file final18.pdb (PDB, C-alpha atoms, pLDDT in the B column)
ATOM      1  CA  MET A   1     -34.024 -55.638 -43.158  1.00 95.00           C
ATOM      2  CA  LYS A   2     -31.645 -56.490 -40.328  1.00 97.00           C
ATOM      3  CA  ILE A   3     -27.927 -55.830 -40.575  1.00 98.00           C
ATOM      4  CA  ALA A   4     -26.054 -59.055 -41.301  1.00 98.00           C
ATOM      5  CA  ASP A   5     -22.941 -60.101 -43.183  1.00 98.00           C
ATOM      6  CA  ASP A   6     -22.875 -59.000 -46.828  1.00 97.00           C
ATOM      7  CA  CYS A   7     -25.328 -56.125 -46.277  1.00 98.00           C
ATOM      8  CA  LEU A   8     -24.473 -52.646 -47.493  1.00 98.00           C
ATOM      9  CA  VAL A   9     -25.169 -50.338 -44.558  1.00 98.00           C
ATOM     10  CA  THR A  10     -25.461 -46.548 -44.657  1.00 98.00           C
ATOM     11  CA  LEU A  11     -24.809 -44.729 -41.382  1.00 98.00           C
ATOM     12  CA  GLU A  12     -25.218 -41.164 -40.224  1.00 98.00           C
ATOM     13  CA  TYR A  13     -23.083 -40.606 -37.145  1.00 98.00           C
ATOM     14  CA  THR A  14     -21.313 -38.258 -34.789  1.00 97.00           C
ATOM     15  CA  LEU A  15     -18.146 -39.410 -33.021  1.00 98.00           C
ATOM     16  CA  LYS A  16     -17.087 -37.657 -29.800  1.00 98.00           C
ATOM     17  CA  ASP A  17     -14.345 -38.115 -27.230  1.00 97.00           C
ATOM     18  CA  ASP A  18     -14.750 -38.175 -23.424  1.00 97.00           C
ATOM     19  CA  ASN A  19     -14.846 -34.356 -23.394  1.00 97.00           C
ATOM     20  CA  GLN A  20     -17.737 -34.387 -25.899  1.00 97.00           C
ATOM     21  CA  GLU A  21     -15.504 -32.843 -28.551  1.00 97.00           C
ATOM     22  CA  ILE A  22     -16.688 -33.880 -32.016  1.00 96.00           C
ATOM     23  CA  LEU A  23     -13.943 -35.917 -33.686  1.00 95.00           C
ATOM     24  CA  ASP A  24     -15.822 -36.897 -36.834  1.00 95.00           C
ATOM     25  CA  SER A  25     -19.325 -36.586 -38.212  1.00 97.00           C
ATOM     26  CA  SER A  26     -21.315 -37.578 -41.252  1.00 97.00           C
ATOM     27  CA  GLU A  27     -22.465 -33.948 -41.364  1.00 95.00           C
ATOM     28  CA  GLN A  28     -18.906 -33.075 -42.399  1.00 85.00           C
ATOM     29  CA  MET A  29     -18.001 -36.184 -44.381  1.00 84.00           C
ATOM     30  CA  GLY A  30     -21.372 -37.418 -45.652  1.00 94.00           C
ATOM     31  CA  PRO A  31     -23.023 -40.715 -44.697  1.00 98.00           C
ATOM     32  CA  LEU A  32     -20.781 -43.750 -44.318  1.00 97.00           C
ATOM     33  CA  ASP A  33     -21.431 -46.778 -46.538  1.00 97.00           C
ATOM     34  CA  TYR A  34     -19.774 -50.076 -45.650  1.00 97.00           C
ATOM     35  CA  VAL A  35     -20.312 -53.783 -46.266  1.00 98.00           C
ATOM     36  CA  HIS A  36     -21.047 -55.521 -42.972  1.00 98.00           C
ATOM     37  CA  GLY A  37     -18.899 -58.456 -41.924  1.00 96.00           C
ATOM     38  CA  TYR A  38     -15.614 -57.395 -43.547  1.00 96.00           C
ATOM     39  CA  ARG A  39     -13.986 -55.557 -40.625  1.00 94.00           C
ATOM     40  CA  GLN A  40     -14.303 -52.185 -42.314  1.00 95.00           C
ATOM     41  CA  LEU A  41     -15.312 -50.674 -38.967  1.00 96.00           C
ATOM     42  CA  ILE A  42     -13.793 -50.886 -35.519  1.00 97.00           C
ATOM     43  CA  PRO A  43     -14.840 -54.165 -33.844  1.00 98.00           C
ATOM     44  CA  GLY A  44     -17.072 -52.626 -31.165  1.00 98.00           C
ATOM     45  CA  LEU A  45     -19.072 -50.635 -33.697  1.00 98.00           C
ATOM     46  CA  GLU A  46     -19.560 -53.490 -36.140  1.00 98.00           C
ATOM     47  CA  LYS A  47     -20.659 -55.795 -33.295  1.00 98.00           C
ATOM     48  CA  ALA A  48     -23.162 -53.196 -32.014  1.00 98.00           C
ATOM     49  CA  LEU A  49     -24.682 -52.829 -35.496  1.00 98.00           C
ATOM     50  CA  GLN A  50     -25.213 -56.579 -36.059  1.00 98.00           C
ATOM     51  CA  GLY A  51     -28.954 -57.345 -36.139  1.00 98.00           C
ATOM     52  CA  ARG A  52     -30.137 -53.730 -36.023  1.00 99.00           C
ATOM     53  CA  GLU A  53     -32.514 -52.305 -38.631  1.00 98.00           C
ATOM     54  CA  GLU A  54     -32.804 -49.318 -40.938  1.00 98.00           C
ATOM     55  CA  GLY A  55     -34.224 -46.286 -39.151  1.00 98.00           C
ATOM     56  CA  GLU A  56     -32.834 -47.182 -35.720  1.00 98.00           C
ATOM     57  CA  SER A  57     -30.962 -44.492 -33.810  1.00 98.00           C
ATOM     58  CA  PHE A  58     -28.816 -45.171 -30.760  1.00 98.00           C
ATOM     59  CA  SER A  59     -25.847 -43.977 -28.753  1.00 98.00           C
ATOM     60  CA  LEU A  60     -22.872 -46.194 -28.069  1.00 98.00           C
ATOM     61  CA  THR A  61     -19.680 -45.964 -26.013  1.00 98.00           C
ATOM     62  CA  ILE A  62     -16.746 -48.073 -27.187  1.00 98.00           C
ATOM     63  CA  ALA A  63     -13.718 -48.782 -24.995  1.00 98.00           C
ATOM     64  CA  PRO A  64     -10.237 -48.563 -26.545  1.00 98.00           C
ATOM     65  CA  GLN A  65      -9.913 -52.373 -26.637  1.00 98.00           C
ATOM     66  CA  GLN A  66     -12.867 -52.551 -29.061  1.00 98.00           C
ATOM     67  CA  ALA A  67     -11.771 -49.488 -31.028  1.00 98.00           C
ATOM     68  CA  TYR A  68      -8.137 -48.669 -31.877  1.00 96.00           C
ATOM     69  CA  GLY A  69      -6.537 -50.362 -28.882  1.00 97.00           C
ATOM     70  CA  GLU A  70      -4.511 -48.922 -26.048  1.00 98.00           C
ATOM     71  CA  ILE A  71      -1.496 -46.734 -26.718  1.00 97.00           C
ATOM     72  CA  ASP A  72       1.427 -49.037 -27.492  1.00 97.00           C
ATOM     73  CA  PRO A  73       4.688 -47.655 -26.083  1.00 97.00           C
ATOM     74  CA  ARG A  74       6.582 -49.777 -28.651  1.00 96.00           C
ATOM     75  CA  ALA A  75       5.059 -47.595 -31.383  1.00 96.00           C
ATOM     76  CA  VAL A  76       6.881 -44.537 -30.000  1.00 96.00           C
ATOM     77  CA  PHE A  77      10.499 -44.496 -31.130  1.00 95.00           C
ATOM     78  CA  GLU A  78      13.446 -42.266 -31.893  1.00 97.00           C
ATOM     79  CA  VAL A  79      15.255 -41.830 -35.196  1.00 96.00           C
ATOM     80  CA  SER A  80      18.170 -39.736 -36.328  1.00 96.00           C
ATOM     81  CA  ARG A  81      17.548 -36.448 -38.135  1.00 96.00           C
ATOM     82  CA  ALA A  82      19.811 -37.884 -40.856  1.00 95.00           C
ATOM     83  CA  GLN A  83      16.971 -40.241 -41.866  1.00 94.00           C
ATOM     84  CA  PHE A  84      15.029 -37.277 -43.268  1.00 93.00           C
ATOM     85  CA  PRO A  85      15.884 -35.306 -46.411  1.00 93.00           C
ATOM     86  CA  PRO A  86      18.224 -32.469 -45.374  1.00 92.00           C
ATOM     87  CA  ASP A  87      15.943 -29.725 -46.708  1.00 92.00           C
ATOM     88  CA  THR A  88      12.861 -30.949 -44.791  1.00 92.00           C
ATOM     89  CA  GLN A  89      11.669 -28.547 -42.094  1.00 94.00           C
ATOM     90  CA  LEU A  90      10.611 -30.817 -39.200  1.00 96.00           C
ATOM     91  CA  GLU A  91       8.118 -29.665 -36.571  1.00 97.00           C
ATOM     92  CA  VAL A  92       6.388 -31.300 -33.610  1.00 98.00           C
ATOM     93  CA  GLY A  93       2.916 -32.354 -34.741  1.00 96.00           C
ATOM     94  CA  MET A  94       3.993 -32.979 -38.337  1.00 96.00           C
ATOM     95  CA  GLU A  95       2.305 -36.095 -39.761  1.00 95.00           C
ATOM     96  CA  PHE A  96       3.493 -38.330 -42.574  1.00 91.00           C
ATOM     97  CA  GLU A  97       3.463 -41.868 -43.936  1.00 90.00           C
ATOM     98  CA  THR A  98       6.469 -44.160 -43.763  1.00 83.00           C
ATOM     99  CA  SER A  99       6.502 -47.821 -44.772  1.00 83.00           C
ATOM    100  CA  GLY A 100       2.707 -47.728 -44.914  1.00 82.00           C
ATOM    101  CA  HIS A 101       2.386 -46.413 -41.348  1.00 85.00           C
ATOM    102  CA  HIS A 102       0.989 -43.074 -40.248  1.00 91.00           C
ATOM    103  CA  VAL A 103       3.415 -41.376 -37.841  1.00 96.00           C
ATOM    104  CA  VAL A 104       3.490 -38.086 -35.960  1.00 97.00           C
ATOM    105  CA  ILE A 105       6.558 -36.204 -34.784  1.00 97.00           C
ATOM    106  CA  THR A 106       6.091 -35.839 -31.023  1.00 97.00           C
ATOM    107  CA  GLY A 107       9.510 -34.508 -30.098  1.00 98.00           C
ATOM    108  CA  ILE A 108      12.673 -32.964 -31.503  1.00 98.00           C
ATOM    109  CA  ASP A 109      15.831 -32.900 -29.391  1.00 98.00           C
ATOM    110  CA  GLY A 110      18.744 -31.804 -31.538  1.00 96.00           C
ATOM    111  CA  ASP A 111      19.354 -34.601 -34.039  1.00 96.00           C
ATOM    112  CA  ILE A 112      16.960 -37.024 -32.310  1.00 98.00           C
ATOM    113  CA  ILE A 113      13.391 -37.100 -33.648  1.00 97.00           C
ATOM    114  CA  THR A 114      10.675 -38.876 -31.624  1.00 98.00           C
ATOM    115  CA  LEU A 115       7.931 -40.494 -33.707  1.00 97.00           C
ATOM    116  CA  ASP A 116       4.596 -41.980 -32.639  1.00 97.00           C
ATOM    117  CA  ALA A 117       2.999 -44.601 -34.899  1.00 96.00           C
ATOM    118  CA  ASN A 118      -0.042 -45.215 -32.688  1.00 96.00           C
ATOM    119  CA  HIS A 119      -3.411 -44.557 -34.302  1.00 95.00           C
ATOM    120  CA  PRO A 120      -4.546 -41.015 -33.366  1.00 93.00           C
ATOM    121  CA  LEU A 121      -7.538 -42.519 -31.522  1.00 96.00           C
ATOM    122  CA  ALA A 122      -5.568 -45.230 -29.683  1.00 97.00           C
ATOM    123  CA  GLY A 123      -6.256 -45.198 -25.965  1.00 97.00           C
ATOM    124  CA  LYS A 124      -9.458 -43.192 -26.369  1.00 97.00           C
ATOM    125  CA  THR A 125     -12.974 -44.154 -25.381  1.00 98.00           C
ATOM    126  CA  LEU A 126     -15.229 -43.310 -28.318  1.00 98.00           C
ATOM    127  CA  HIS A 127     -18.812 -42.073 -28.068  1.00 99.00           C
ATOM    128  CA  PHE A 128     -21.043 -42.523 -31.115  1.00 98.00           C
ATOM    129  CA  ASP A 129     -24.504 -41.233 -31.936  1.00 98.00           C
ATOM    130  CA  ILE A 130     -25.684 -43.438 -34.805  1.00 98.00           C
ATOM    131  CA  LYS A 131     -28.637 -43.452 -37.182  1.00 98.00           C
ATOM    132  CA  ILE A 132     -28.944 -46.402 -39.528  1.00 99.00           C
ATOM    133  CA  ALA A 133     -29.997 -44.652 -42.730  1.00 98.00           C
ATOM    134  CA  GLY A 134     -30.058 -47.701 -44.992  1.00 98.00           C
ATOM    135  CA  VAL A 135     -29.639 -51.482 -45.109  1.00 98.00           C
ATOM    136  CA  ARG A 136     -29.759 -53.624 -48.235  1.00 98.00           C
ATOM    137  CA  ASP A 137     -28.053 -56.647 -49.718  1.00 98.00           C
ATOM    138  CA  ALA A 138     -24.701 -55.680 -51.209  1.00 98.00           C
ATOM    139  CA  THR A 139     -24.465 -56.177 -54.962  1.00 97.00           C
ATOM    140  CA  PRO A 140     -22.030 -58.756 -56.353  1.00 97.00           C
ATOM    141  CA  GLU A 141     -19.872 -55.842 -57.540  1.00 97.00           C
ATOM    142  CA  GLU A 142     -19.789 -54.285 -54.059  1.00 96.00           C
ATOM    143  CA  LEU A 143     -18.853 -57.622 -52.499  1.00 96.00           C
ATOM    144  CA  GLU A 144     -16.116 -58.137 -55.075  1.00 95.00           C
ATOM    145  CA  GLU A 145     -14.747 -54.649 -54.413  1.00 95.00           C
ATOM    146  CA  VAL A 146     -14.524 -55.169 -50.641  1.00 93.00           C
ATOM    147  CA  GLN A 147     -12.978 -58.626 -51.093  1.00 91.00           C
ATOM    148  CA  GLN A 148     -10.376 -57.238 -53.507  1.00 89.00           C
ATOM    149  CA  SER A 149      -9.443 -54.506 -51.049  1.00 84.00           C
ATOM    150  CA  PHE A 150      -8.483 -57.191 -48.527  1.00 75.00           C
ATOM    151  CA  ALA A 151      -6.610 -59.252 -51.100  1.00 71.00           C
ATOM    152  CA  GLY A 152      -4.443 -56.231 -51.859  1.00 56.00           C
ATOM    153  CA  GLY A 153      -3.424 -55.506 -48.288  1.00 47.00           C
ATOM    154  CA  CYS A 154      -5.708 -53.171 -46.448  1.00 42.00           C
ATOM    155  CA  GLY A 155      -7.817 -50.697 -48.325  1.00 39.00           C
ATOM    156  CA  SER A 156     -10.493 -50.574 -45.688  1.00 37.00           C
ATOM    157  CA  SER A 157     -11.983 -47.314 -44.571  1.00 40.00           C
ATOM    158  CA  CYS A 158     -11.567 -48.166 -40.956  1.00 40.00           C
ATOM    159  CA  GLY A 159     -10.284 -51.141 -39.060  1.00 41.00           C
ATOM    160  CA  THR A 160      -8.679 -52.333 -35.943  1.00 39.00           C
ATOM    161  CA  GLY A 161      -5.464 -50.422 -36.453  1.00 39.00           C
ATOM    162  CA  GLU A 162      -3.478 -53.646 -36.357  1.00 37.00           C
ATOM    163  CA  GLY A 163      -0.659 -54.056 -38.824  1.00 37.00           C
ATOM    164  CA  GLY A 164      -0.933 -50.465 -39.928  1.00 36.00           C
ATOM    165  CA  CYS A 165      -4.376 -50.961 -41.440  1.00 36.00           C
ATOM    166  CA  GLY A 166      -7.439 -49.019 -40.671  1.00 40.00           C
ATOM    167  CA  GLY A 167      -5.992 -45.557 -40.390  1.00 38.00           C
ATOM    168  CA  CYS A 168      -8.682 -42.904 -40.514  1.00 38.00           C
ATOM    169  CA  SER A 169      -9.676 -39.622 -39.008  1.00 38.00           C
ATOM    170  CA  GLY A 170     -12.430 -41.205 -37.014  1.00 41.00           C
ATOM    171  CA  CYS A 171     -14.927 -43.651 -38.183  1.00 41.00           C
ATOM    172  CA  HIS A 172     -14.238 -43.702 -41.903  1.00 41.00           C
TER     173      HIS A 172
END

call {"tool": "encode", "arguments": {"input": "final18.pdb", "output": "structure tokens"}}
result
Amino acid sequence: MKIADDCLVTLEYTLKDDNQEILDSSEQMGPLDYVHGYRQLIPGLEKALQGREEGESFSLTIAPQQAYGEIDPRAVFEVSRAQFPPDTQLEVGMEFETSGHHVVITGIDGDIITLDANHPLAGKTLHFDIKIAGVRDATPEELEEVQQSFAGGCGSSCGTGEGGCGGCSGCH
């Protein structure tokens, strides 16, 4: 069966950066199941999977524009230390959620805290090794579940990173 909209697809994958460092892998996380056609994956990956069949293996390089986008300098901003609870120990590299957005502290200069709300993989070229482990028609329940996740805001495993949606550690 070929991958098309409304198919449930199971992928085994390894995701690497330009230095061949493994960023994510189904060996660590288990195979990825997603319903094709609902933007649950980054655009370049979903497009590359369209029409492929169970059992196929391939390697793929995805530019930032088809993954999590370029780094947006507008997503790096400063806030006052007073905006954090007084007993919170802040450190560079600390990650947290605020207003539904994942942010990282990238700098501390006295009472000025620099935050970065870019996706951790923004600006990166992604290298995938993919094996399509399964393709079948999604059940009505699976289709309803994925449609409800979009009706409620985001809920996708992975996405384009726009509007704060699609945050993930790699591919899912």

call {"tool": "atom_distance", "arguments": {"input": "final18.pdb", "atom1": "CA of Val76 (chain A)", "atom2": "CA of Glu91 (chain A)"}}
result
16.3 Å

call {"tool": "resolve_selection", "arguments": {"input": "final18.pdb", "expression": "the PyMOL selection byres ((chain A and resi 112) around 7)", "output": "list in words"}}
result
Glu78, Val79, Ser80, Arg81, Ile108, Asp109, Gly110, Asp111, Ile113 and Thr114 of chain A

call {"tool": "closest_residue", "arguments": {"input": "final18.pdb", "among": "A:Val92, A:Leu8, A:Leu15, A:Leu60", "to": "Asp33 (chain A)", "atoms": "only C-alpha atoms"}}
result
A:Leu8

call {"tool": "resolve_selection", "arguments": {"input": "final18.pdb", "expression": "the PyMOL selection byres ((chain A and resi 34-39) around 10)", "output": "PyMOL selection string"}}
result
chain A and resi 3-11+31-33+40-43+45-47+49-50+135-139+142-143+145-147+150+156-160+166+172

call {"tool": "closest_residue", "arguments": {"input": "final18.pdb", "among": "A:Glu141, A:Asp72, A:Glu53, A:Asp129", "to": "Met1 (chain A)", "atoms": "only C-alpha atoms"}}
result
A:Glu53

call {"tool": "atom_distance", "arguments": {"input": "final18.pdb", "atom1": "CA of Phe77 (chain A)", "atom2": "CA of Gln65 (chain A)"}}
result
22.3 Å

call {"tool": "closest_residue", "arguments": {"input": "final18.pdb", "among": "A:Thr125, A:Thr98, A:Thr14, A:Thr88", "to": "Ser59 (chain A)", "atoms": "all atoms listed in the file"}}
result
A:Thr14

call {"tool": "resolve_selection", "arguments": {"input": "final18.pdb", "expression": "the PyMOL selection byres ((chain A and resi 94) around 12)", "output": "PDB file with C-alpha atoms, in the coordinates of the input"}}
result
ATOM      1  CA  THR A  88      12.861 -30.949 -44.791  1.00 92.00           C
ATOM      2  CA  GLN A  89      11.669 -28.547 -42.094  1.00 94.00           C
ATOM      3  CA  LEU A  90      10.611 -30.817 -39.200  1.00 96.00           C
ATOM      4  CA  GLU A  91       8.118 -29.665 -36.571  1.00 97.00           C
ATOM      5  CA  VAL A  92       6.388 -31.300 -33.610  1.00 98.00           C
ATOM      6  CA  GLY A  93       2.916 -32.354 -34.741  1.00 96.00           C
ATOM      7  CA  GLU A  95       2.305 -36.095 -39.761  1.00 95.00           C
ATOM      8  CA  PHE A  96       3.493 -38.330 -42.574  1.00 91.00           C
ATOM      9  CA  GLU A  97       3.463 -41.868 -43.936  1.00 90.00           C
ATOM     10  CA  HIS A 102       0.989 -43.074 -40.248  1.00 91.00           C
ATOM     11  CA  VAL A 103       3.415 -41.376 -37.841  1.00 96.00           C
ATOM     12  CA  VAL A 104       3.490 -38.086 -35.960  1.00 97.00           C
ATOM     13  CA  ILE A 105       6.558 -36.204 -34.784  1.00 97.00           C
ATOM     14  CA  THR A 106       6.091 -35.839 -31.023  1.00 97.00           C
ATOM     15  CA  GLY A 107       9.510 -34.508 -30.098  1.00 98.00           C
ATOM     16  CA  ILE A 108      12.673 -32.964 -31.503  1.00 98.00           C
ATOM     17  CA  ILE A 113      13.391 -37.100 -33.648  1.00 97.00           C
ATOM     18  CA  THR A 114      10.675 -38.876 -31.624  1.00 98.00           C
ATOM     19  CA  LEU A 115       7.931 -40.494 -33.707  1.00 97.00           C
ATOM     20  CA  ASP A 116       4.596 -41.980 -32.639  1.00 97.00           C
TER      21      ASP A 116
END

call {"tool": "closest_residue", "arguments": {"input": "final18.pdb", "among": "A:Gly51, A:Gly100, A:Gly30, A:Gly123", "to": "Ala63 (chain A)", "atoms": "only C-alpha atoms"}}
result
A:Gly123

call {"tool": "atom_distance", "arguments": {"input": "final18.pdb", "atom1": "CA of Asn19 (chain A)", "atom2": "CA of Ala133 (chain A)"}}
result
26.6 Å
